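See structure below.
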Amino acid sequence: MKTPLHAINIDFSHSSEAMELFKIVKARLDWLSPSSPEFAFLHPVYLQLKQDVELLESLEV
């Protein structure tokens, strides 16, 4: 397990904002080679955003 050296906290006021960031990261990943260092960096971010979007959507009324 890798321990992150830094953390970035982003506050979203609506799940649509998180979804837009998720789409941007996904589009970038789709363009990258899975063996690239950038892919290795962004893929965990993508997975975390996916969970966060699902959580935010489940909390909205």
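Identifiers in the structure tokens: chain A, B, ... in order shown; residue index from 1 per chain; ligand index from 1 in order shown.
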
From the DSSP assignment of the backbone, select every residue of chain A that is alpha helix (DSSP H), and format the answer as a count of residues only.
40

So which residues touch Tyr46 in chain A within 8 Å, counting only C-alpha atoms, skipping near sequence neighbours fewer than 5 positions away, as a ChimeraX atom specification?
/A:22,25-26

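The interatomic distance for the pair CA of Pro34 in chain A and CA of Met19 in chain A works out to 22.3 Å.
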
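Shortest separation to Pro44 in chain A among A:Leu59, A:Ile10, A:Leu29, A:Ile24 occurs at residue A:Leu29, atoms counted being only C-alpha atoms.
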
Please provide as a PyMOL selection string all residues within 12 Å of Phe41 in chain A, with the sequence filter that same-chain residues fewer than 2 positions apart are discarded (counting only C-alpha atoms).
chain A and resi 2+4+25+28-29+32+34-39+43-47

Next, the residues of the selection above should be written as a PDB file, in the first residue's frame with N, CA and C atoms.
ATOM      1  N   LYS A   2       0.582   2.152  -0.884  1.00  0.00           N
ATOM      2  CA  LYS A   2       1.343   3.395  -0.963  1.00  0.00           C
ATOM      3  C   LYS A   2       0.682   4.455  -0.096  1.00  0.00           C
ATOM      4  N   PRO A   4       0.112   8.294   0.510  1.00  0.00           N
ATOM      5  CA  PRO A   4       0.293   9.557  -0.215  1.00  0.00           C
ATOM      6  C   PRO A   4       1.099  10.553   0.608  1.00  0.00           C
ATOM      7  N   VAL A  25     -11.005  13.874 -15.873  1.00  0.00           N
ATOM      8  CA  VAL A  25      -9.954  12.907 -15.540  1.00  0.00           C
ATOM      9  C   VAL A  25     -10.130  11.646 -16.383  1.00  0.00           C
ATOM     10  N   ARG A  28      -8.919  12.179 -19.919  1.00  0.00           N
ATOM     11  CA  ARG A  28      -7.452  12.176 -19.959  1.00  0.00           C
ATOM     12  C   ARG A  28      -6.918  10.745 -19.876  1.00  0.00           C
ATOM     13  N   LEU A  29      -7.484   9.937 -18.991  1.00  0.00           N
ATOM     14  CA  LEU A  29      -7.049   8.547 -18.864  1.00  0.00           C
ATOM     15  C   LEU A  29      -7.289   7.769 -20.157  1.00  0.00           C
ATOM     16  N   LEU A  32      -4.422   8.376 -22.483  1.00  0.00           N
ATOM     17  CA  LEU A  32      -3.082   7.958 -22.065  1.00  0.00           C
ATOM     18  C   LEU A  32      -2.849   6.461 -22.232  1.00  0.00           C
ATOM     19  N   PRO A  34      -1.784   3.035 -20.641  1.00  0.00           N
ATOM     20  CA  PRO A  34      -1.823   2.514 -19.268  1.00  0.00           C
ATOM     21  C   PRO A  34      -0.446   2.337 -18.627  1.00  0.00           C
ATOM     22  N   SER A  35       0.595   2.296 -19.431  1.00  0.00           N
ATOM     23  CA  SER A  35       1.948   2.136 -18.882  1.00  0.00           C
ATOM     24  C   SER A  35       2.628   3.476 -18.576  1.00  0.00           C
ATOM     25  N   SER A  36       1.951   4.578 -18.866  1.00  0.00           N
ATOM     26  CA  SER A  36       2.576   5.886 -18.643  1.00  0.00           C
ATOM     27  C   SER A  36       2.536   6.282 -17.164  1.00  0.00           C
ATOM     28  N   PRO A  37       3.514   7.058 -16.731  1.00  0.00           N
ATOM     29  CA  PRO A  37       3.525   7.531 -15.343  1.00  0.00           C
ATOM     30  C   PRO A  37       2.310   8.406 -15.009  1.00  0.00           C
ATOM     31  N   GLU A  38       1.854   9.183 -15.984  1.00  0.00           N
ATOM     32  CA  GLU A  38       0.682  10.038 -15.747  1.00  0.00           C
ATOM     33  C   GLU A  38      -0.568   9.189 -15.500  1.00  0.00           C
ATOM     34  N   PHE A  39      -0.707   8.094 -16.236  1.00  0.00           N
ATOM     35  CA  PHE A  39      -1.831   7.182 -16.019  1.00  0.00           C
ATOM     36  C   PHE A  39      -1.757   6.597 -14.608  1.00  0.00           C
ATOM     37  N   HIS A  43      -4.978   7.367 -12.278  1.00  0.00           N
ATOM     38  CA  HIS A  43      -5.944   6.288 -12.101  1.00  0.00           C
ATOM     39  C   HIS A  43      -6.493   6.215 -10.678  1.00  0.00           C
ATOM     40  N   PRO A  44      -5.658   6.304  -9.629  1.00  0.00           N
ATOM     41  CA  PRO A  44      -6.231   6.329  -8.278  1.00  0.00           C
ATOM     42  C   PRO A  44      -7.125   7.556  -8.032  1.00  0.00           C
ATOM     43  N   VAL A  45      -6.782   8.668  -8.637  1.00  0.00           N
ATOM     44  CA  VAL A  45      -7.619   9.875  -8.522  1.00  0.00           C
ATOM     45  C   VAL A  45      -8.977   9.606  -9.163  1.00  0.00           C
ATOM     46  N   TYR A  46      -8.951   8.978 -10.321  1.00  0.00           N
ATOM     47  CA  TYR A  46     -10.185   8.608 -11.030  1.00  0.00           C
ATOM     48  C   TYR A  46     -11.067   7.698 -10.167  1.00  0.00           C
ATOM     49  N   LEU A  47     -10.461   6.683  -9.568  1.00  0.00           N
ATOM     50  CA  LEU A  47     -11.225   5.746  -8.737  1.00  0.00           C
ATOM     51  C   LEU A  47     -11.834   6.447  -7.527  1.00  0.00           C
TER      52      LEU A  47
END

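Between CA of Ser15 in chain A and CA of Ala40 in chain A lies a distance of 25.2 Å.
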
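Across the model, the gap from CA of Lys50 in chain A to CA of Ala18 in chain A is 8.8 Å.
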